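Have a look at query.tsv; it's TSV, C-alpha atoms and all ligand atoms:
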chain	number	residue	atom	x	y	z
A	23	MET	CA	0.00	0.00	0.00
A	24	LYS	CA	1.38	3.39	-0.97
A	25	ILE	CA	1.50	6.19	1.58
A	26	ASN	CA	-0.01	9.68	1.35
A	27	ILE	CA	1.89	12.91	1.85
A	28	ALA	CA	0.11	16.04	3.10
A	29	ILE	CA	1.53	19.48	2.36
A	30	ASP	CA	-0.15	22.50	3.95
A	31	GLY	CA	0.83	26.12	4.19
A	32	PRO	CA	-0.10	29.65	3.17
A	33	SER	CA	-0.59	30.72	-0.44
A	34	ALA	CA	2.42	30.87	-2.75
A	35	ALA	CA	4.71	29.09	-0.27
A	36	GLY	CA	5.74	26.75	-3.09
A	37	LYS	CA	3.48	23.83	-2.20
A	38	SER	CA	2.35	22.98	-5.73
A	39	THR	CA	5.80	23.28	-7.30
A	40	ILE	CA	7.32	21.05	-4.64
A	41	ALA	CA	4.44	18.56	-4.69
A	42	LYS	CA	4.70	18.24	-8.48
A	43	ARG	CA	8.46	17.60	-8.36
A	44	LEU	CA	8.14	15.16	-5.51
A	45	GLY	CA	5.31	13.38	-7.33
A	46	ALA	CA	7.53	12.90	-10.39
A	47	LYS	CA	10.38	11.59	-8.21
A	48	LEU	CA	8.20	9.09	-6.35
A	49	GLY	CA	5.75	8.17	-9.09
A	50	TYR	CA	2.99	9.60	-6.92
A	51	VAL	CA	0.05	11.74	-8.04
A	52	HIS	CA	-0.09	15.38	-7.03
A	53	LEU	CA	-3.53	16.67	-6.04
A	54	ASP	CA	-3.80	20.45	-5.78
A	55	THR	CA	-6.88	20.90	-3.58
A	56	GLY	CA	-6.73	24.70	-3.93
A	57	ALA	CA	-7.68	24.16	-7.60
A	58	MET	CA	-11.00	22.71	-6.44
A	59	TYR	CA	-11.82	25.83	-4.39
A	60	ARG	CA	-10.72	27.93	-7.35
A	61	CYS	CA	-13.04	26.00	-9.72
A	62	THR	CA	-15.91	26.55	-7.30
A	63	ALA	CA	-15.14	30.27	-7.19
A	64	LEU	CA	-14.78	30.54	-10.97
A	65	LYS	CA	-18.17	28.93	-11.55
A	66	CYS	CA	-19.77	31.25	-8.96
A	67	VAL	CA	-18.29	34.33	-10.60
A	68	ARG	CA	-19.34	33.19	-14.06
A	69	SER	CA	-22.89	32.33	-12.98
A	70	GLY	CA	-23.39	35.35	-10.75
A	71	ILE	CA	-23.72	33.37	-7.53
A	72	ALA	CA	-22.81	35.39	-4.44
A	73	LEU	CA	-19.62	34.06	-2.83
A	74	ASP	CA	-21.19	34.09	0.63
A	75	ASP	CA	-24.49	32.42	-0.33
A	76	GLU	CA	-23.70	29.02	1.16
A	77	LYS	CA	-26.86	27.28	-0.03
A	78	ALA	CA	-26.60	28.56	-3.59
A	79	VAL	CA	-22.90	27.63	-3.82
A	80	CYS	CA	-23.59	24.14	-2.43
A	81	ASP	CA	-26.53	23.55	-4.78
A	82	MET	CA	-24.31	24.60	-7.65
A	83	LEU	CA	-21.55	22.22	-6.48
A	84	LYS	CA	-23.97	19.28	-6.58
A	85	GLU	CA	-24.21	19.84	-10.34
A	86	THR	CA	-20.48	20.42	-10.77
A	87	GLU	CA	-17.77	18.07	-11.98
A	88	ILE	CA	-14.19	18.92	-11.08
A	89	VAL	CA	-11.49	16.71	-12.53
A	90	LEU	CA	-7.80	17.01	-11.66
A	91	THR	CA	-5.67	14.98	-14.05
A	92	PRO	CA	-2.38	13.34	-13.00
A	93	GLU	CA	-0.67	15.64	-15.53
A	94	GLY	CA	-1.86	18.73	-13.64
A	95	GLY	CA	-4.85	19.65	-15.83
A	96	VAL	CA	-7.92	21.15	-14.14
A	97	PHE	CA	-11.31	20.53	-15.78
A	98	LEU	CA	-14.51	22.22	-14.68
A	99	ASP	CA	-17.58	20.53	-16.18
A	100	GLY	CA	-15.37	19.28	-18.98
A	101	GLU	CA	-13.70	22.62	-19.75
A	102	ASP	CA	-9.97	23.10	-19.27
A	103	VAL	CA	-9.79	25.97	-16.76
A	104	SER	CA	-6.14	25.44	-15.71
A	105	LEU	CA	-5.27	29.05	-16.55
A	106	ALA	CA	-8.61	30.76	-15.86
A	107	ILE	CA	-8.56	29.69	-12.19
A	108	ARG	CA	-5.19	31.41	-11.61
A	109	ALA	CA	-6.46	34.97	-12.21
A	110	ASP	CA	-6.02	37.26	-9.18
A	111	GLU	CA	-9.77	37.87	-8.99
A	112	ILE	CA	-10.39	34.12	-8.70
A	113	SER	CA	-7.72	33.77	-5.96
A	114	MET	CA	-9.62	36.22	-3.79
A	115	ALA	CA	-12.97	34.63	-4.66
A	116	ALA	CA	-11.61	31.15	-3.83
A	117	SER	CA	-10.53	32.37	-0.41
A	118	LYS	CA	-14.11	33.56	0.20
A	119	VAL	CA	-15.91	30.37	-0.87
A	120	SER	CA	-13.38	28.27	1.04
A	121	ALA	CA	-14.69	29.80	4.29
A	122	LEU	CA	-18.11	28.17	3.78
A	123	LYS	CA	-18.57	25.07	5.93
A	124	GLN	CA	-20.76	23.07	3.54
A	125	VAL	CA	-18.54	23.88	0.59
A	126	ARG	CA	-15.60	22.47	2.53
A	127	ALA	CA	-17.60	19.37	3.48
A	128	ASP	CA	-18.41	18.69	-0.18
A	129	LEU	CA	-14.85	19.19	-1.46
A	130	VAL	CA	-13.18	17.40	1.47
A	131	ALA	CA	-15.34	14.33	0.81
A	132	ARG	CA	-14.23	14.34	-2.83
A	133	GLN	CA	-10.57	14.69	-1.82
A	134	GLN	CA	-10.78	11.83	0.68
A	135	GLU	CA	-12.37	9.60	-1.95
A	136	MET	CA	-9.62	10.44	-4.44
A	137	ALA	CA	-6.80	9.64	-2.00
A	138	ARG	CA	-8.24	6.37	-0.73
A	139	ALA	CA	-5.90	4.20	-2.76
A	140	GLY	CA	-2.75	5.95	-1.45
A	141	GLY	CA	0.10	7.26	-3.56
A	142	PHE	CA	-0.95	10.89	-3.37
A	143	ILE	CA	0.78	14.12	-2.50
A	144	MET	CA	-2.03	16.46	-1.59
A	145	ASP	CA	-1.46	20.15	-1.03
A	146	GLY	CA	-3.81	22.64	0.59
A	147	ARG	CA	-4.60	24.25	3.93
A	148	ASP	CA	-6.35	21.50	5.91
A	149	ILE	CA	-4.83	18.31	4.51
A	150	GLY	CA	-2.86	17.31	7.62
A	151	THR	CA	-5.53	18.54	10.04
A	152	VAL	CA	-8.76	17.38	8.33
A	153	VAL	CA	-8.58	15.69	4.92
A	154	LEU	CA	-5.79	13.16	5.52
A	155	LYS	CA	-5.35	13.11	9.27
A	156	ASP	CA	-3.63	9.71	8.88
A	157	ALA	CA	-1.13	10.81	6.24
A	158	GLU	CA	2.23	9.20	6.97
A	159	VAL	CA	4.14	12.38	6.15
A	160	LYS	CA	2.83	15.85	6.98
A	161	ILE	CA	4.59	19.04	5.97
A	162	PHE	CA	3.76	22.62	6.91
A	163	MET	CA	5.48	24.79	4.33
A	164	THR	CA	6.04	28.48	4.93
A	165	ALA	CA	8.01	31.38	3.39
A	166	SER	CA	8.11	35.11	4.05
A	167	PRO	CA	5.33	37.17	2.36
A	168	GLU	CA	7.98	38.96	0.30
A	169	ALA	CA	9.49	35.73	-1.03
A	170	ARG	CA	6.02	34.39	-1.79
A	171	ALA	CA	4.90	37.54	-3.63
A	172	MET	CA	8.02	37.49	-5.80
A	173	ARG	CA	7.53	33.81	-6.65
A	174	ARG	CA	3.86	34.29	-7.54
A	175	TYR	CA	4.74	37.31	-9.69
A	176	LYS	CA	7.39	35.38	-11.62
A	177	GLN	CA	5.07	32.41	-11.98
A	178	ASN	CA	2.30	34.61	-13.43
A	179	ILE	CA	4.70	36.09	-15.97
A	180	GLU	CA	6.06	32.68	-16.96
A	181	LYS	CA	2.58	31.29	-17.45
A	182	GLY	CA	1.40	34.36	-19.34
A	183	ILE	CA	-1.24	35.14	-16.70
A	184	GLU	CA	-2.33	38.76	-16.32
A	185	THR	CA	-0.60	39.93	-13.14
A	186	SER	CA	-0.60	42.76	-10.62
A	187	ASP	CA	2.73	44.25	-9.45
A	188	VAL	CA	4.70	42.59	-6.65
A	189	GLU	CA	3.51	45.01	-3.93
A	190	THR	CA	-0.15	44.41	-4.80
A	191	ILE	CA	0.40	40.65	-4.81
A	192	ALA	CA	2.14	40.88	-1.39
A	193	GLU	CA	-0.82	42.82	-0.04
A	194	GLU	CA	-3.28	40.25	-1.38
A	195	ILE	CA	-1.18	37.44	0.07
A	196	ARG	CA	-1.25	39.09	3.51
A	197	LYS	CA	-5.00	39.51	3.28
A	198	ARG	CA	-5.55	35.91	2.19
A	199	ASP	CA	-3.19	34.68	4.95
A	200	TYR	CA	-5.25	36.57	7.48
A	201	ASP	CA	-8.57	35.30	6.12
A	202	ASP	CA	-7.33	31.70	5.76
A	203	THR	CA	-5.92	31.57	9.31
A	204	HIS	CA	-8.80	33.38	11.00
A	205	ARG	CA	-11.81	31.72	9.38
A	206	GLU	CA	-14.09	29.68	11.58
A	207	ASN	CA	-14.07	26.48	9.51
A	208	SER	CA	-10.81	24.54	9.22
A	209	PRO	CA	-8.52	27.54	9.50
A	210	LEU	CA	-5.00	27.15	8.16
A	211	ARG	CA	-2.85	25.79	10.96
A	212	LYS	CA	0.04	23.41	11.37
A	213	ALA	CA	-0.99	19.90	12.40
A	214	ASP	CA	0.66	18.91	15.69
A	215	ASP	CA	2.53	16.10	13.96
A	216	ALA	CA	3.58	18.10	10.88
A	217	THR	CA	7.17	19.11	10.12
A	218	GLU	CA	7.54	22.83	9.42
A	219	ILE	CA	9.80	23.85	6.53
A	220	ASP	CA	10.56	27.52	5.86
A	221	THR	CA	11.42	27.63	2.16
A	222	SER	CA	12.32	31.36	1.93
A	223	ASP	CA	16.02	30.63	1.42
A	224	MET	CA	15.84	27.10	0.08
A	225	THR	CA	16.01	25.91	-3.52
A	226	ILE	CA	13.28	23.68	-4.91
A	227	ASP	CA	15.66	20.71	-4.93
A	228	GLU	CA	16.58	21.27	-1.28
A	229	VAL	CA	12.94	21.25	-0.23
A	230	VAL	CA	12.17	18.17	-2.33
A	231	ASP	CA	15.16	16.34	-0.81
A	232	ARG	CA	14.10	17.31	2.70
A	233	ILE	CA	10.60	15.89	2.27
A	234	TYR	CA	11.97	12.84	0.46
A	235	SER	CA	14.22	12.09	3.44
A	236	LEU	CA	11.22	12.36	5.78
A	237	ALA	CA	9.21	10.00	3.55
A	238	LEU	CA	12.00	7.50	2.97
A	239	PRO	CA	11.43	5.32	6.07
A	240	PHE	CA	7.79	4.86	5.03
A	241	LEU	CA	8.61	4.31	1.37
A	242	GLN	CA	11.00	1.53	2.32
A	243	LYS	CA	8.12	-0.28	4.00
A	244	GLU	CA	5.98	-0.11	0.84
A	245	GLU	CA	5.37	-3.44	-0.83
A	301	LIG	O1	-3.63	26.97	-2.74
A	301	LIG	P1	-4.45	28.02	-3.50
A	301	LIG	O2	-3.90	29.41	-3.40
A	301	LIG	O3	-4.68	27.61	-4.92
A	301	LIG	O4	-5.90	28.02	-2.75
A	301	LIG	C1	-6.94	28.89	-3.13
A	301	LIG	C2	-7.80	29.20	-1.91
A	301	LIG	O5	-8.47	28.03	-1.48
A	301	LIG	C3	-7.01	29.73	-0.70
A	301	LIG	O6	-7.38	31.06	-0.40
A	301	LIG	C4	-7.39	28.86	0.45
A	301	LIG	C5	-8.37	27.87	-0.08
A	301	LIG	N1	-8.01	26.48	0.22
A	301	LIG	C6	-8.53	25.92	1.37
A	301	LIG	O7	-9.22	26.59	2.13
A	301	LIG	N2	-8.29	24.61	1.65
A	301	LIG	C7	-7.53	23.87	0.84
A	301	LIG	N3	-7.31	22.59	1.14
A	301	LIG	C8	-6.95	24.44	-0.32
A	301	LIG	C9	-7.21	25.76	-0.60
What would the structure in this file look like if it were written as structure tokens?
Ligand code: DC
Amino acid sequence: MKINIAIDGPSAAGKSTIAKRLGAKLGYVHLDTGAMYRCTALKCVRSGIALDDEKAVCDMLKETEIVLTPEGGVFLDGEDVSLAIRADEISMAASKVSALKQVRADLVARQQEMARAGGFIMDGRDIGTVVLKDAEVKIFMTASPEARAMRRYKQNIEKGIETSDVETIAEEIRKRDYDDTHRENSPLRKADDATEIDTSDMTIDEVVDRIYSLALPFLQKEE
């Protein structure tokens, strides 16, 4: 049986990049749970559903298919929205819908179902504390707001996504950090048994190696 690896932390701490690399190294599948909240937000914005109308958002979700492919594609009701969900407006909207209890219940159930077979690296905010409480390896990844804003800015440019300047991104990151850590339902927090890694001054390879070394004892037990 393969293990599961949970990676939590604030936005733009490098979770997805690291999870993707680690997935390739281990032959594990990376599941970016933030993409599911982003899909929910995108559909709300497109259909004019208020981001705080819990019932309307949940009813909409019941009729919504979100597919995350092992290659990193994100499909909302069959449409490839991999880029559309990364717009700054959708980041803020995703933070809002992610505060709704029933929305979380719906998406968490989907995530738990996906990871049942093991072999997943799941990144998000509540993976170690709620979604995969039994994950063999739990990481809490952080980085300074400045380092995170610069990374997000560069990433937007590389991907050709319309982007705000670094200062605006840093401001949005601070606001989202505050909202994500202060919300009532499953706020972002480090699981008691998670290992904290501050990636501000680490290279991608160094972070991947660190997590790999934490996972190694469990991987050696895999059949
Ligand atoms: O990781 P991200 O920036 O793509 O996440 C988008 C939003 O979704 C973020 O503001 C917090 C929320 N989120 C969450 O509440 N729980 C998760 N497991 C993943 C993301």
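Going from CA of Leu238 in chain A over to CA of Thr221 in chain A, you cover 20.2 Å.
Around ligand LIG 301 (chain A), using only C-alpha atoms and all ligand atoms and a cut-off of 7 Å, the residues in contact are A:Ser33, A:Ala34, A:Thr55, A:Gly56, A:Ala57, A:Tyr59, A:Arg60, A:Ser113, A:Met114, A:Ala116, A:Ser117, A:Ser120, A:Ala121, A:Asp145, A:Gly146, A:Arg147, A:Asp148, A:Ile149, A:Arg198, A:Asp202.
With all atoms listed in the file as the atoms that count, the residue of A:Met136, A:Ala63, A:Val79, A:Val119 with the shortest distance to Ile107 in chain A is A:Ala63.
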- Compare A:Glu87, A:Asp54, A:Pro32, A:Asn26 by their minimum atom-to-atom distance to Asp201 in chain A, counting only C-alpha atoms, and give me the closest one.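 Ranked by minimum distance to Asp201 in chain A, first place goes to A:Pro32.
Nearest residue to Gly150 in chain A, choosing from A:Leu105, A:Ala216, A:Ala171, A:Leu48 and counting all atoms listed in the file: A:Ala216.
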- Using only C-alpha atoms: which of A:Ala78, A:Phe240, A:Ile143, A:Gln134 has the shortest distance to Tyr50 in chain A: A:Ile143
- Item | Best match for closeness to Asp102 in chain A among A:Ala115, A:Met23, A:Cys61, A:Val229, counting only C-alpha atoms | A:Cys61
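Of note, CA of Ile219 in chain A and CA of Met163 in chain A are spaced 4.9 Å apart.
The coordinates place CA of Leu90 in chain A at 18.8 Å from CA of Cys66 in chain A.
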- Query: Of the candidates A:Ala109, A:Thr86, A:Phe142, A:Pro209, which one gets nearest to Gly49 in chain A if we count all atoms listed in the file?
  - Reply: A:Phe142
- Please provide the set of residues having any atom within 8 Å of Arg170 in chain A, restricted to only C-alpha atoms, with same-chain residues fewer than 4 positions apart removed, written as number ranges by chain. A: 33-36, 165-166, 174, 192, 222
- Query: Skipping near chain neighbours, those fewer than 6 positions away, what residues fall within 10 Å of Ala137 in chain A using all atoms listed in the file, listed as JSON, numbers by chain?
  - Reply: {"A": [25, 26, 51, 53, 143, 144, 153, 154]}
If I only have part of range 162-173 of chain A, can you fill in all heavy atoms and write it as a compact mmCIF listing (two decimals), in the frame of the given file?
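Saved to result03.txt:
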# COMPACT_ATOMS: atom_id res chain seq x y z
N PHE A 162 4.34 21.28 6.86
CA PHE A 162 3.76 22.62 6.91
C PHE A 162 4.80 23.55 6.30
O PHE A 162 5.86 23.79 6.89
CB PHE A 162 3.42 23.01 8.35
CG PHE A 162 2.54 24.24 8.41
CD1 PHE A 162 1.19 24.15 8.11
CD2 PHE A 162 3.07 25.47 8.75
CE1 PHE A 162 0.38 25.28 8.14
CE2 PHE A 162 2.27 26.61 8.79
CZ PHE A 162 0.92 26.50 8.48
N MET A 163 4.49 24.03 5.09
CA MET A 163 5.48 24.79 4.33
C MET A 163 5.20 26.29 4.42
O MET A 163 4.09 26.72 4.13
CB MET A 163 5.38 24.34 2.87
CG MET A 163 6.59 24.63 2.06
SD MET A 163 6.38 23.99 0.39
CE MET A 163 6.69 22.29 0.68
N THR A 164 6.22 27.03 4.82
CA THR A 164 6.04 28.48 4.93
C THR A 164 7.14 29.20 4.14
O THR A 164 8.11 28.58 3.68
CB THR A 164 6.15 28.95 6.40
OG1 THR A 164 7.46 28.61 6.87
CG2 THR A 164 5.11 28.30 7.27
N ALA A 165 6.98 30.50 3.97
CA ALA A 165 8.01 31.38 3.39
C ALA A 165 7.56 32.79 3.71
O ALA A 165 6.36 33.02 3.93
CB ALA A 165 8.14 31.17 1.88
N SER A 166 8.48 33.73 3.72
CA SER A 166 8.11 35.11 4.05
C SER A 166 7.13 35.65 2.98
O SER A 166 7.19 35.23 1.83
CB SER A 166 9.36 35.98 4.08
OG SER A 166 9.87 36.10 2.77
N PRO A 167 6.26 36.60 3.34
CA PRO A 167 5.33 37.17 2.36
C PRO A 167 6.06 37.76 1.16
O PRO A 167 5.59 37.64 0.03
CB PRO A 167 4.59 38.27 3.14
CG PRO A 167 4.70 37.88 4.56
CD PRO A 167 6.01 37.14 4.69
N GLU A 168 7.22 38.35 1.40
CA GLU A 168 7.98 38.96 0.30
C GLU A 168 8.45 37.89 -0.70
O GLU A 168 8.32 38.05 -1.91
CB GLU A 168 9.20 39.73 0.82
CG GLU A 168 8.88 40.95 1.67
CD GLU A 168 8.33 40.60 3.06
OE1 GLU A 168 8.64 39.50 3.57
OE2 GLU A 168 7.59 41.42 3.64
N ALA A 169 9.01 36.81 -0.15
CA ALA A 169 9.49 35.73 -1.03
C ALA A 169 8.32 35.13 -1.80
O ALA A 169 8.43 34.84 -3.00
CB ALA A 169 10.17 34.64 -0.19
N ARG A 170 7.19 34.99 -1.14
CA ARG A 170 6.02 34.39 -1.79
C ARG A 170 5.47 35.29 -2.89
O ARG A 170 5.09 34.81 -3.95
CB ARG A 170 4.94 34.07 -0.75
CG ARG A 170 5.35 32.90 0.14
CD ARG A 170 4.24 32.47 1.03
NE ARG A 170 4.08 33.31 2.19
CZ ARG A 170 2.91 33.68 2.70
NH1 ARG A 170 1.80 33.31 2.13
NH2 ARG A 170 2.86 34.41 3.77
N ALA A 171 5.43 36.60 -2.63
CA ALA A 171 4.90 37.54 -3.63
C ALA A 171 5.78 37.52 -4.88
O ALA A 171 5.29 37.50 -6.01
CB ALA A 171 4.82 38.93 -3.04
N MET A 172 7.09 37.49 -4.66
CA MET A 172 8.02 37.49 -5.80
C MET A 172 7.86 36.21 -6.62
O MET A 172 7.83 36.24 -7.85
CB MET A 172 9.46 37.63 -5.27
CG MET A 172 10.51 37.80 -6.34
SD MET A 172 10.10 39.06 -7.57
CE MET A 172 10.65 40.53 -6.73
N ARG A 173 7.70 35.08 -5.92
CA ARG A 173 7.53 33.81 -6.65
C ARG A 173 6.23 33.82 -7.46
O ARG A 173 6.21 33.40 -8.62
CB ARG A 173 7.45 32.65 -5.65
CG ARG A 173 8.78 32.27 -5.07
CD ARG A 173 8.57 31.16 -4.06
NE ARG A 173 9.74 30.93 -3.25
CZ ARG A 173 9.73 30.22 -2.14
NH1 ARG A 173 8.61 29.69 -1.70
NH2 ARG A 173 10.84 30.03 -1.46
